[in-house]
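*Asks:* Next up is a structure, given as structure tokens.
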Amino acid sequence: MIFDSLLDDAIRDVWELMSRIGVATADPPGITRAAWGSREELAADAVRDFARDHGLQALNDPFGNIHVLMHGVAPETACVTTGSHLDSVPHGGNFDGLAGVAAGLAVLAAASGGTSGRALPFRAIAMRCEESPWFGTAYLGSRLMLGLGTLDDLGTLVRFDSGQTLRHHVRALGYPRSGETPAPLLDARLVTSFLELHIEQGPLLESRDIPLGIATAVRGNVRFPDARCIGAYAHSAALPRRFRKDAVLAVSELALGLDRFWVERIAQGDEDFVVTIGKFATDESLHAMTKVAGEVRFSLNIGAAVKATQDEARAFTLQLIERIEKVRAVRFELGPEVGTAPANLDARLIGLLEDTAHSLGIATHCMPTVGHDTGMFVRAGIPSAMILVRNANGSHNPDEELEREHFAAGVRLLAGSMQRLASV
């Protein structure tokens, strides 16, 4: 690569940047960077400082996403683009999202010495609010940035921990900033291609002892963040089974039924379907060891890499719920439904990543991945692909782990691929 000699220094610098951000946003156990919160803003400040210290421009858009450009590049210039998100789940790990932001900064810092051999410049983006726990839905920063939503239609969403709206949090941080020229909304005219580096959030690369993955698709999902099942409270010893309206058993039956559906998908060769009930709780003000539970609040998340499978699973879920309601005399209220369709990634870019990895001597494995901001770029009509970096201990937990050598391999693949995309 033309700027290969500078990449080692840049990787060292962004590795130290990630460490500093991790310390500054620690919230034991793990780290917490709430969307449009004080710790996410600490990370944003660190990104802006790093960019300016390395001779790069750091521009804010009206929603607080940070657009990093090389010196002298106008904000309205078409660019080969990379980036990821700054926020985390509550008490999560340090690298989910942040590794992709850091990788983009490393590429631009190493490339800032000149544009020799490149017809297009680079852009790196640090995005807000990719994680869904904060406002009950995901990808809010990228959706706003790509014009896939506005503050008029998303601004009334409420952050679960503060009780304040999305609009309030954006404005409280001072966006859009007075006197600043904001970075523009992005579209296919300004983003010729988008590559996101992200840690893998499962065990496949670790189990195969391979440093990098190349994503083939981004799973879509159907989500019910605030569902509940309503039965009837009753005396645990006095009420025979045939009279019970047990909400715990009803939701448990739903969970086991969906698990059987999952097993059937695997038997049919589909390893890309997933189901998660992440929240499951009775009412602590009313429940007791000696009472039949009259209410359970829960969440439901169905994920699939193929739209037909996603639709089939949703229909099966609704049919199963109807059957459980009749048999157990309970009532399900699923609440608001959110989610996204699966996104197929760009075949040409996947091939380019594979070819670049081969030329660099880096082993890779192709596989689908979970929801990421990349899916929003696909929705915006922008050719997109993803690099997944091996990560021990999974993600969304304090034990998330990233080896520097695997991260460095990912940055090198990102840099080489962006160089090829930008070259004459």
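As shown in the structure tokens, the chain order sets the letters A, B, ...; within each chain, residues go from 1, and ligands are also counted from 1 in the order they appear.
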Give me the residues within 7 Å of segment 414-417 of chain A as a VMD selection string, counting only C-alpha atoms and dropping any in the same chain fewer than 2 places off.

*Replies:* chain A and resid 1 107 352 to 353 356 410 to 412 419 to 421

*Asks:* Could you please write out, as JSON, numbers by chain, every residue of segment 41-227 of chain A that DSSP assigns to strand (DSSP E or B)?

*Replies:* {"A": [56, 57, 58, 59, 60, 66, 67, 68, 69, 70, 79, 80, 81, 82, 83, 84, 85, 92, 118, 122, 123, 124, 125, 126, 127, 158, 165, 191, 192, 193, 194, 195, 196, 197, 198, 199, 212, 213, 214, 215, 216, 217, 218, 220, 221, 222, 223, 224, 225, 226, 227]}

*Asks:* Write to file, as an mmCIF file, in the first residue's frame, the residues of the selection just made, with C-alpha atoms.

*Replies:*
data_model
loop_
_atom_site.group_PDB
_atom_site.id
_atom_site.type_symbol
_atom_site.label_atom_id
_atom_site.label_comp_id
_atom_site.auth_asym_id
_atom_site.auth_seq_id
_atom_site.Cartn_x
_atom_site.Cartn_y
_atom_site.Cartn_z
ATOM 1 C CA LEU A 56 -7.644 15.925 9.783
ATOM 2 C CA GLN A 57 -10.935 17.824 9.694
ATOM 3 C CA ALA A 58 -13.638 16.846 12.181
ATOM 4 C CA LEU A 59 -17.102 18.109 11.228
ATOM 5 C CA ASN A 60 -20.303 17.625 13.217
ATOM 6 C CA ILE A 66 -18.689 13.163 13.417
ATOM 7 C CA HIS A 67 -17.418 13.246 9.824
ATOM 8 C CA VAL A 68 -13.630 13.092 9.533
ATOM 9 C CA LEU A 69 -12.046 14.256 6.275
ATOM 10 C CA MET A 70 -8.511 14.859 5.141
ATOM 11 C CA CYS A 79 -15.641 9.872 -0.812
ATOM 12 C CA VAL A 80 -14.829 6.250 -0.141
ATOM 13 C CA THR A 81 -16.278 6.021 3.352
ATOM 14 C CA THR A 82 -15.854 3.955 6.502
ATOM 15 C CA GLY A 83 -17.057 4.228 10.078
ATOM 16 C CA SER A 84 -18.989 2.732 12.948
ATOM 17 C CA HIS A 85 -20.674 3.820 16.192
ATOM 18 C CA GLY A 92 -20.922 -3.599 27.711
ATOM 19 C CA ARG A 118 -6.160 8.125 -5.487
ATOM 20 C CA PHE A 122 -11.553 9.136 2.212
ATOM 21 C CA ARG A 123 -14.204 9.867 4.838
ATOM 22 C CA ALA A 124 -14.493 8.277 8.304
ATOM 23 C CA ILE A 125 -17.606 8.622 10.447
ATOM 24 C CA ALA A 126 -18.231 8.189 14.168
ATOM 25 C CA MET A 127 -21.964 7.571 14.480
ATOM 26 C CA VAL A 158 -37.708 8.368 24.854
ATOM 27 C CA THR A 165 -36.701 12.434 24.314
ATOM 28 C CA VAL A 191 -20.617 8.004 -0.453
ATOM 29 C CA THR A 192 -19.320 5.975 -3.389
ATOM 30 C CA SER A 193 -18.919 2.906 -1.179
ATOM 31 C CA PHE A 194 -19.090 2.133 2.532
ATOM 32 C CA LEU A 195 -16.924 -0.321 4.472
ATOM 33 C CA GLU A 196 -17.485 -0.942 8.185
ATOM 34 C CA LEU A 197 -15.014 -2.743 10.428
ATOM 35 C CA HIS A 198 -16.685 -4.274 13.482
ATOM 36 C CA ILE A 199 -15.801 -6.918 16.011
ATOM 37 C CA LEU A 212 -11.067 -11.822 10.141
ATOM 38 C CA GLY A 213 -14.503 -12.436 8.686
ATOM 39 C CA ILE A 214 -16.142 -10.899 5.631
ATOM 40 C CA ALA A 215 -19.867 -10.400 6.029
ATOM 41 C CA THR A 216 -22.181 -11.714 3.325
ATOM 42 C CA ALA A 217 -25.408 -10.213 4.714
ATOM 43 C CA VAL A 218 -26.719 -8.229 7.664
ATOM 44 C CA GLY A 220 -32.802 -8.296 9.725
ATOM 45 C CA ASN A 221 -34.965 -8.464 12.802
ATOM 46 C CA VAL A 222 -38.490 -8.252 14.127
ATOM 47 C CA ARG A 223 -38.508 -6.792 17.641
ATOM 48 C CA PHE A 224 -41.106 -6.261 20.331
ATOM 49 C CA PRO A 225 -39.189 -4.333 23.025
ATOM 50 C CA ASP A 226 -42.060 -3.915 25.509
ATOM 51 C CA ALA A 227 -44.340 -6.917 25.260
#

*Asks:* Enumerate, in order of chain and increasing residue number, the residues of segment 309-396 of chain A with an atom no farther than 10 Å from segment 265-280 of chain A, each with its shortest atom pair and distance in Å to one decimal, counting only C-alpha atoms, as a tab-separated table.

*Replies:*
residue	atom	partner	partner_atom	distance
A:Thr309	CA	A:Phe273	CA	7.9
A:Gln310	CA	A:Phe273	CA	8.2
A:Ala313	CA	A:Phe273	CA	9.3
A:Met367	CA	A:Asp272	CA	9.1
A:Pro368	CA	A:Asp272	CA	7.2
A:Thr369	CA	A:Asp272	CA	8.6
A:Val370	CA	A:Asp272	CA	9.4

*Asks:* Using only C-alpha atoms, please write the residues we just selected to a file, as a JSON list (two decimals), in the first residue's frame.

*Replies:*
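Output contents, as saved in again-v3.json:
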[["chain", "number", "residue", "atom", "x", "y", "z"],
["A", 309, "THR", "CA", -37.56, -16.63, 6.89],
["A", 310, "GLN", "CA", -38.11, -13.45, 8.90],
["A", 313, "ALA", "CA", -41.06, -16.61, 11.85],
["A", 367, "MET", "CA", -20.45, -15.39, 7.01],
["A", 368, "PRO", "CA", -23.57, -13.33, 7.73],
["A", 369, "THR", "CA", -23.54, -10.88, 10.60],
["A", 370, "VAL", "CA", -25.96, -9.23, 12.98]]

*Asks:* Measuring between only C-alpha atoms, which one of A:Leu146, A:His406, A:Cys366, A:Ala35 shows the shortest distance to Arg189 of chain A?

*Replies:* A:Leu146

*Asks:* Nearest to Gly381 of chain A: which of A:Gly147, A:Gly55, A:Pro29, A:Gly394 is it, counting only C-alpha atoms?

*Replies:* A:Gly147

*Asks:* Please extract the residues of segment 203-400 of chain A with a backbone DSSP assignment of alpha helix (DSSP H) and present them as a PDB file with N, CA and C atoms, in the first residue's frame.

*Replies:*
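Output file part.pdb is given in full below:
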ATOM      1  N   LEU A 204     -17.653 -17.723  15.983  1.00  0.00           N
ATOM      2  CA  LEU A 204     -17.231 -18.485  14.814  1.00  0.00           C
ATOM      3  C   LEU A 204     -15.759 -18.292  14.477  1.00  0.00           C
ATOM      4  N   LEU A 205     -15.297 -17.038  14.409  1.00  0.00           N
ATOM      5  CA  LEU A 205     -13.897 -16.802  14.057  1.00  0.00           C
ATOM      6  C   LEU A 205     -12.964 -17.358  15.120  1.00  0.00           C
ATOM      7  N   GLU A 206     -13.351 -17.201  16.381  1.00  0.00           N
ATOM      8  CA  GLU A 206     -12.542 -17.743  17.471  1.00  0.00           C
ATOM      9  C   GLU A 206     -12.451 -19.263  17.362  1.00  0.00           C
ATOM     10  N   SER A 207     -13.569 -19.916  17.074  1.00  0.00           N
ATOM     11  CA  SER A 207     -13.577 -21.374  16.995  1.00  0.00           C
ATOM     12  C   SER A 207     -12.779 -21.884  15.805  1.00  0.00           C
ATOM     13  N   ARG A 208     -12.693 -21.084  14.751  1.00  0.00           N
ATOM     14  CA  ARG A 208     -11.958 -21.482  13.556  1.00  0.00           C
ATOM     15  C   ARG A 208     -10.512 -20.994  13.563  1.00  0.00           C
ATOM     16  N   ALA A 247     -49.305 -16.339  33.625  1.00  0.00           N
ATOM     17  CA  ALA A 247     -48.541 -15.579  32.630  1.00  0.00           C
ATOM     18  C   ALA A 247     -47.128 -16.122  32.457  1.00  0.00           C
ATOM     19  N   VAL A 248     -46.518 -16.612  33.522  1.00  0.00           N
ATOM     20  CA  VAL A 248     -45.159 -17.162  33.425  1.00  0.00           C
ATOM     21  C   VAL A 248     -45.147 -18.383  32.511  1.00  0.00           C
ATOM     22  N   LEU A 249     -46.074 -19.303  32.723  1.00  0.00           N
ATOM     23  CA  LEU A 249     -46.104 -20.494  31.886  1.00  0.00           C
ATOM     24  C   LEU A 249     -46.464 -20.148  30.440  1.00  0.00           C
ATOM     25  N   ALA A 250     -47.308 -19.134  30.254  1.00  0.00           N
ATOM     26  CA  ALA A 250     -47.691 -18.742  28.899  1.00  0.00           C
ATOM     27  C   ALA A 250     -46.500 -18.205  28.118  1.00  0.00           C
ATOM     28  N   VAL A 251     -45.716 -17.318  28.723  1.00  0.00           N
ATOM     29  CA  VAL A 251     -44.545 -16.774  28.021  1.00  0.00           C
ATOM     30  C   VAL A 251     -43.473 -17.845  27.869  1.00  0.00           C
ATOM     31  N   SER A 252     -43.368 -18.721  28.858  1.00  0.00           N
ATOM     32  CA  SER A 252     -42.420 -19.835  28.736  1.00  0.00           C
ATOM     33  C   SER A 252     -42.797 -20.740  27.569  1.00  0.00           C
ATOM     34  N   GLU A 253     -44.099 -20.988  27.396  1.00  0.00           N
ATOM     35  CA  GLU A 253     -44.548 -21.802  26.270  1.00  0.00           C
ATOM     36  C   GLU A 253     -44.228 -21.125  24.940  1.00  0.00           C
ATOM     37  N   LEU A 254     -44.367 -19.794  24.893  1.00  0.00           N
ATOM     38  CA  LEU A 254     -43.988 -19.050  23.693  1.00  0.00           C
ATOM     39  C   LEU A 254     -42.501 -19.223  23.411  1.00  0.00           C
ATOM     40  N   ALA A 255     -41.673 -19.079  24.444  1.00  0.00           N
ATOM     41  CA  ALA A 255     -40.220 -19.208  24.274  1.00  0.00           C
ATOM     42  C   ALA A 255     -39.841 -20.599  23.769  1.00  0.00           C
ATOM     43  N   LEU A 256     -40.429 -21.639  24.354  1.00  0.00           N
ATOM     44  CA  LEU A 256     -40.085 -23.006  23.954  1.00  0.00           C
ATOM     45  C   LEU A 256     -40.613 -23.321  22.562  1.00  0.00           C
ATOM     46  N   GLY A 257     -41.783 -22.760  22.220  1.00  0.00           N
ATOM     47  CA  GLY A 257     -42.292 -22.963  20.874  1.00  0.00           C
ATOM     48  C   GLY A 257     -41.402 -22.334  19.824  1.00  0.00           C
ATOM     49  N   LEU A 258     -40.920 -21.133  20.098  1.00  0.00           N
ATOM     50  CA  LEU A 258     -39.996 -20.485  19.170  1.00  0.00           C
ATOM     51  C   LEU A 258     -38.665 -21.223  19.110  1.00  0.00           C
ATOM     52  N   ASP A 259     -38.250 -21.806  20.218  1.00  0.00           N
ATOM     53  CA  ASP A 259     -37.016 -22.585  20.224  1.00  0.00           C
ATOM     54  C   ASP A 259     -37.168 -23.833  19.350  1.00  0.00           C
ATOM     55  N   ARG A 260     -38.338 -24.462  19.390  1.00  0.00           N
ATOM     56  CA  ARG A 260     -38.572 -25.622  18.517  1.00  0.00           C
ATOM     57  C   ARG A 260     -38.552 -25.206  17.050  1.00  0.00           C
ATOM     58  N   PHE A 261     -39.135 -24.044  16.746  1.00  0.00           N
ATOM     59  CA  PHE A 261     -39.072 -23.506  15.383  1.00  0.00           C
ATOM     60  C   PHE A 261     -37.618 -23.309  14.962  1.00  0.00           C
ATOM     61  N   TRP A 262     -36.801 -22.798  15.879  1.00  0.00           N
ATOM     62  CA  TRP A 262     -35.376 -22.568  15.619  1.00  0.00           C
ATOM     63  C   TRP A 262     -34.667 -23.884  15.301  1.00  0.00           C
ATOM     64  N   VAL A 263     -34.926 -24.907  16.110  1.00  0.00           N
ATOM     65  CA  VAL A 263     -34.311 -26.222  15.882  1.00  0.00           C
ATOM     66  C   VAL A 263     -34.688 -26.753  14.500  1.00  0.00           C
ATOM     67  N   GLU A 264     -35.942 -26.540  14.105  1.00  0.00           N
ATOM     68  CA  GLU A 264     -36.385 -26.985  12.786  1.00  0.00           C
ATOM     69  C   GLU A 264     -35.650 -26.238  11.680  1.00  0.00           C
ATOM     70  N   ARG A 265     -35.396 -24.926  11.873  1.00  0.00           N
ATOM     71  CA  ARG A 265     -34.639 -24.166  10.878  1.00  0.00           C
ATOM     72  C   ARG A 265     -33.228 -24.736  10.725  1.00  0.00           C
ATOM     73  N   ILE A 266     -32.607 -25.057  11.845  1.00  0.00           N
ATOM     74  CA  ILE A 266     -31.248 -25.624  11.792  1.00  0.00           C
ATOM     75  C   ILE A 266     -31.260 -26.952  11.061  1.00  0.00           C
ATOM     76  N   ALA A 267     -32.293 -27.794  11.325  1.00  0.00           N
ATOM     77  CA  ALA A 267     -32.400 -29.094  10.662  1.00  0.00           C
ATOM     78  C   ALA A 267     -32.549 -28.944   9.163  1.00  0.00           C
ATOM     79  N   LYS A 307     -35.315 -12.545   4.122  1.00  0.00           N
ATOM     80  CA  LYS A 307     -36.595 -11.906   4.410  1.00  0.00           C
ATOM     81  C   LYS A 307     -37.724 -12.927   4.531  1.00  0.00           C
ATOM     82  N   ALA A 308     -37.744 -13.942   3.671  1.00  0.00           N
ATOM     83  CA  ALA A 308     -38.811 -14.940   3.722  1.00  0.00           C
ATOM     84  C   ALA A 308     -38.815 -15.669   5.057  1.00  0.00           C
ATOM     85  N   THR A 309     -37.648 -15.978   5.590  1.00  0.00           N
ATOM     86  CA  THR A 309     -37.561 -16.630   6.887  1.00  0.00           C
ATOM     87  C   THR A 309     -38.041 -15.708   7.995  1.00  0.00           C
ATOM     88  N   GLN A 310     -37.665 -14.439   7.919  1.00  0.00           N
ATOM     89  CA  GLN A 310     -38.113 -13.454   8.902  1.00  0.00           C
ATOM     90  C   GLN A 310     -39.637 -13.365   8.911  1.00  0.00           C
ATOM     91  N   ASP A 311     -40.224 -13.293   7.729  1.00  0.00           N
ATOM     92  CA  ASP A 311     -41.682 -13.201   7.631  1.00  0.00           C
ATOM     93  C   ASP A 311     -42.354 -14.472   8.140  1.00  0.00           C
ATOM     94  N   GLU A 312     -41.799 -15.618   7.821  1.00  0.00           N
ATOM     95  CA  GLU A 312     -42.355 -16.897   8.283  1.00  0.00           C
ATOM     96  C   GLU A 312     -42.317 -16.989   9.801  1.00  0.00           C
ATOM     97  N   ALA A 313     -41.196 -16.557  10.388  1.00  0.00           N
ATOM     98  CA  ALA A 313     -41.061 -16.610  11.849  1.00  0.00           C
ATOM     99  C   ALA A 313     -42.037 -15.663  12.528  1.00  0.00           C
ATOM    100  N   ARG A 314     -42.235 -14.499  11.949  1.00  0.00           N
ATOM    101  CA  ARG A 314     -43.200 -13.559  12.530  1.00  0.00           C
ATOM    102  C   ARG A 314     -44.607 -14.134  12.502  1.00  0.00           C
ATOM    103  N   ALA A 315     -44.990 -14.704  11.362  1.00  0.00           N
ATOM    104  CA  ALA A 315     -46.324 -15.299  11.244  1.00  0.00           C
ATOM    105  C   ALA A 315     -46.485 -16.463  12.219  1.00  0.00           C
ATOM    106  N   PHE A 316     -45.459 -17.304  12.334  1.00  0.00           N
ATOM    107  CA  PHE A 316     -45.511 -18.426  13.278  1.00  0.00           C
ATOM    108  C   PHE A 316     -45.694 -17.923  14.708  1.00  0.00           C
ATOM    109  N   THR A 317     -44.969 -16.841  15.057  1.00  0.00           N
ATOM    110  CA  THR A 317     -45.060 -16.277  16.406  1.00  0.00           C
ATOM    111  C   THR A 317     -46.492 -15.833  16.717  1.00  0.00           C
ATOM    112  N   LEU A 318     -47.119 -15.132  15.798  1.00  0.00           N
ATOM    113  CA  LEU A 318     -48.477 -14.646  16.026  1.00  0.00           C
ATOM    114  C   LEU A 318     -49.477 -15.795  16.122  1.00  0.00           C
ATOM    115  N   GLN A 319     -49.286 -16.839  15.304  1.00  0.00           N
ATOM    116  CA  GLN A 319     -50.168 -18.006  15.382  1.00  0.00           C
ATOM    117  C   GLN A 319     -49.978 -18.745  16.706  1.00  0.00           C
ATOM    118  N   LEU A 320     -48.729 -18.855  17.146  1.00  0.00           N
ATOM    119  CA  LEU A 320     -48.442 -19.527  18.411  1.00  0.00           C
ATOM    120  C   LEU A 320     -49.057 -18.766  19.574  1.00  0.00           C
ATOM    121  N   ILE A 321     -48.945 -17.459  19.555  1.00  0.00           N
ATOM    122  CA  ILE A 321     -49.532 -16.636  20.612  1.00  0.00           C
ATOM    123  C   ILE A 321     -51.044 -16.814  20.658  1.00  0.00           C
ATOM    124  N   GLU A 322     -51.676 -16.835  19.504  1.00  0.00           N
ATOM    125  CA  GLU A 322     -53.134 -17.017  19.470  1.00  0.00           C
ATOM    126  C   GLU A 322     -53.526 -18.359  20.086  1.00  0.00           C
ATOM    127  N   ARG A 323     -52.764 -19.400  19.808  1.00  0.00           N
ATOM    128  CA  ARG A 323     -53.052 -20.720  20.366  1.00  0.00           C
ATOM    129  C   ARG A 323     -52.854 -20.740  21.886  1.00  0.00           C
ATOM    130  N   ILE A 324     -51.773 -20.111  22.359  1.00  0.00           N
ATOM    131  CA  ILE A 324     -51.501 -20.070  23.801  1.00  0.00           C
ATOM    132  C   ILE A 324     -52.596 -19.291  24.529  1.00  0.00           C
ATOM    133  N   GLU A 325     -53.038 -18.198  23.941  1.00  0.00           N
ATOM    134  CA  GLU A 325     -54.107 -17.405  24.556  1.00  0.00           C
ATOM    135  C   GLU A 325     -55.373 -18.237  24.760  1.00  0.00           C
ATOM    136  N   LYS A 326     -55.720 -19.058  23.787  1.00  0.00           N
ATOM    137  CA  LYS A 326     -56.927 -19.874  23.890  1.00  0.00           C
ATOM    138  C   LYS A 326     -56.782 -20.969  24.941  1.00  0.00           C
ATOM    139  N   VAL A 327     -55.631 -21.607  24.956  1.00  0.00           N
ATOM    140  CA  VAL A 327     -55.426 -22.734  25.873  1.00  0.00           C
ATOM    141  C   VAL A 327     -55.258 -22.272  27.307  1.00  0.00           C
ATOM    142  N   ARG A 328     -54.561 -21.164  27.522  1.00  0.00           N
ATOM    143  CA  ARG A 328     -54.209 -20.740  28.884  1.00  0.00           C
ATOM    144  C   ARG A 328     -55.049 -19.562  29.378  1.00  0.00           C
ATOM    145  N   ALA A 347     -21.861  -7.637  -3.649  1.00  0.00           N
ATOM    146  CA  ALA A 347     -21.026  -8.769  -4.071  1.00  0.00           C
ATOM    147  C   ALA A 347     -19.664  -8.305  -4.589  1.00  0.00           C
ATOM    148  N   ARG A 348     -19.639  -7.180  -5.291  1.00  0.00           N
ATOM    149  CA  ARG A 348     -18.356  -6.681  -5.815  1.00  0.00           C
ATOM    150  C   ARG A 348     -17.418  -6.306  -4.679  1.00  0.00           C
ATOM    151  N   LEU A 349     -17.965  -5.644  -3.642  1.00  0.00           N
ATOM    152  CA  LEU A 349     -17.128  -5.256  -2.518  1.00  0.00           C
ATOM    153  C   LEU A 349     -16.677  -6.472  -1.711  1.00  0.00           C
ATOM    154  N   ILE A 350     -17.553  -7.455  -1.574  1.00  0.00           N
ATOM    155  CA  ILE A 350     -17.153  -8.689  -0.888  1.00  0.00           C
ATOM    156  C   ILE A 350     -15.982  -9.331  -1.624  1.00  0.00           C
ATOM    157  N   GLY A 351     -16.082  -9.390  -2.947  1.00  0.00           N
ATOM    158  CA  GLY A 351     -14.983  -9.945  -3.737  1.00  0.00           C
ATOM    159  C   GLY A 351     -13.710  -9.142  -3.597  1.00  0.00           C
ATOM    160  N   LEU A 352     -13.846  -7.817  -3.559  1.00  0.00           N
ATOM    161  CA  LEU A 352     -12.663  -6.962  -3.389  1.00  0.00           C
ATOM    162  C   LEU A 352     -12.007  -7.198  -2.032  1.00  0.00           C
ATOM    163  N   LEU A 353     -12.807  -7.333  -0.978  1.00  0.00           N
ATOM    164  CA  LEU A 353     -12.255  -7.616   0.348  1.00  0.00           C
ATOM    165  C   LEU A 353     -11.527  -8.958   0.356  1.00  0.00           C
ATOM    166  N   GLU A 354     -12.132  -9.963  -0.266  1.00  0.00           N
ATOM    167  CA  GLU A 354     -11.497 -11.283  -0.304  1.00  0.00           C
ATOM    168  C   GLU A 354     -10.172 -11.215  -1.055  1.00  0.00           C
ATOM    169  N   ASP A 355     -10.169 -10.543  -2.194  1.00  0.00           N
ATOM    170  CA  ASP A 355      -8.960 -10.459  -3.009  1.00  0.00           C
ATOM    171  C   ASP A 355      -7.866  -9.667  -2.289  1.00  0.00           C
ATOM    172  N   THR A 356      -8.263  -8.574  -1.610  1.00  0.00           N
ATOM    173  CA  THR A 356      -7.275  -7.768  -0.879  1.00  0.00           C
ATOM    174  C   THR A 356      -6.694  -8.560   0.283  1.00  0.00           C
ATOM    175  N   ALA A 357      -7.553  -9.280   1.004  1.00  0.00           N
ATOM    176  CA  ALA A 357      -7.067 -10.103   2.117  1.00  0.00           C
ATOM    177  C   ALA A 357      -6.079 -11.142   1.629  1.00  0.00           C
ATOM    178  N   HIS A 358      -6.385 -11.763   0.495  1.00  0.00           N
ATOM    179  CA  HIS A 358      -5.479 -12.772  -0.071  1.00  0.00           C
ATOM    180  C   HIS A 358      -4.134 -12.149  -0.408  1.00  0.00           C
ATOM    181  N   SER A 359      -4.168 -10.949  -1.008  1.00  0.00           N
ATOM    182  CA  SER A 359      -2.909 -10.293  -1.380  1.00  0.00           C
ATOM    183  C   SER A 359      -2.082  -9.909  -0.164  1.00  0.00           C
ATOM    184  N   LEU A 360      -2.755  -9.676   0.971  1.00  0.00           N
ATOM    185  CA  LEU A 360      -2.051  -9.321   2.202  1.00  0.00           C
ATOM    186  C   LEU A 360      -1.684 -10.546   3.039  1.00  0.00           C
ATOM    187  N   THR A 374     -24.216  -0.537   8.824  1.00  0.00           N
ATOM    188  CA  THR A 374     -24.057  -0.865   7.406  1.00  0.00           C
ATOM    189  C   THR A 374     -25.404  -1.128   6.734  1.00  0.00           C
ATOM    190  N   GLY A 375     -26.318  -1.756   7.458  1.00  0.00           N
ATOM    191  CA  GLY A 375     -27.632  -2.028   6.896  1.00  0.00           C
ATOM    192  C   GLY A 375     -28.359  -0.771   6.464  1.00  0.00           C
ATOM    193  N   MET A 376     -28.128   0.336   7.164  1.00  0.00           N
ATOM    194  CA  MET A 376     -28.761   1.599   6.784  1.00  0.00           C
ATOM    195  C   MET A 376     -28.139   2.160   5.509  1.00  0.00           C
ATOM    196  N   PHE A 377     -26.842   1.977   5.320  1.00  0.00           N
ATOM    197  CA  PHE A 377     -26.211   2.412   4.071  1.00  0.00           C
ATOM    198  C   PHE A 377     -26.757   1.611   2.892  1.00  0.00           C
ATOM    199  N   VAL A 378     -26.987   0.323   3.112  1.00  0.00           N
ATOM    200  CA  VAL A 378     -27.602  -0.491   2.059  1.00  0.00           C
ATOM    201  C   VAL A 378     -28.987   0.052   1.723  1.00  0.00           C
ATOM    202  N   ARG A 379     -29.785   0.375   2.753  1.00  0.00           N
ATOM    203  CA  ARG A 379     -31.117   0.930   2.529  1.00  0.00           C
ATOM    204  C   ARG A 379     -31.057   2.246   1.750  1.00  0.00           C
TER     205      ARG A 379
END

*Asks:* So, with only C-alpha atoms as the atoms that count, which of A:Val338, A:Val389, A:Ala237, A:Ala106 lies closest to Glu403 of chain A?

*Replies:*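 Residue with the minimum atom-to-atom distance to Glu403 of chain A: A:Val389.
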
*Asks:* For Ser236 of chain A, please output as a PyMOL selection string all residues within 6 Å (counting only C-alpha atoms; exclusion window: fewer than 6 positions along the same chain).

*Replies:* chain A and resi 290-292
